[in-house]
Amino acid sequence: MTETTTGTAKVTLPADDQILITREFAAPRRLVYRAWTTPDLVKRFWAGRRGTMRSVEIDLRVGGRWRYVLDANGGFEVAFHGEYREIVPDERLVSTEVYETPGASDDDAAITTTTFAGSGDRTSLSILMETGSREVRDAIIESGMEGGMQEQMDLLEELAASLA
């Protein structure tokens, strides 16, 4: 049996406006990428254990848009959207990301670069979010995002490994 990497995502702050998340998975790169980019599969991991995915829309092409809507356990909606800027299948995605709050604008979108690396049955995932300011970066970190992200990554690993 392959050893899993439960709860091992690392969050670092490489610059005043950046958040870097890294994690190794006990699953092949092509399957982690597939789970990350297939709407029915995203619904199974993205919410972590914090709620239920109501909607996952992915138009996986440069210029295509994505949108995720979560019904959170506390009885409120959480939604994000963005646009794909670069796609290298099984290797790299670059997209914008907007947390849909009152007054949120696509002009204030973070830029997220997601890199899938590895070979065989191991994948290294790297997510670099460039937020535009230290204040936005700090607000994201202080939101408690890490707990949900750890749950999300654990479920992603289980899901990707199950696709083999």
# chains A, B, ... in the order shown; residues from 1 in each chain; ligands from 1
>>> select_by_dssp(residues="chain A", states="helix (DSSP H, G or I)", output="number ranges by chain")
A: 29-37, 39-45, 106-108, 134-142, 145-162
>>> closest_residue(among="A:Val11, A:Ile19, A:Ala27, A:Met53", to="Glu158 (chain A)", atoms="only C-alpha atoms")
A:Ala27
>>> select_by_dssp(residues="chain A", states="strand (DSSP E or B)", output="VMD selection string")
chain A and resid 10 to 12 18 to 25 51 to 58 65 to 72 77 to 88 92 to 99 110 to 117 123 to 130
>>> residues_around(residues="Arg137 (chain A)", least_positions_apart="2", cutoff="8 Å", atoms="only C-alpha atoms", output="count of residues only")
12
>>> closest_residue(among="A:Ala72, A:Ala35, A:Ile21, A:Ile87", to="Asp59 (chain A)", atoms="only C-alpha atoms")
A:Ile87
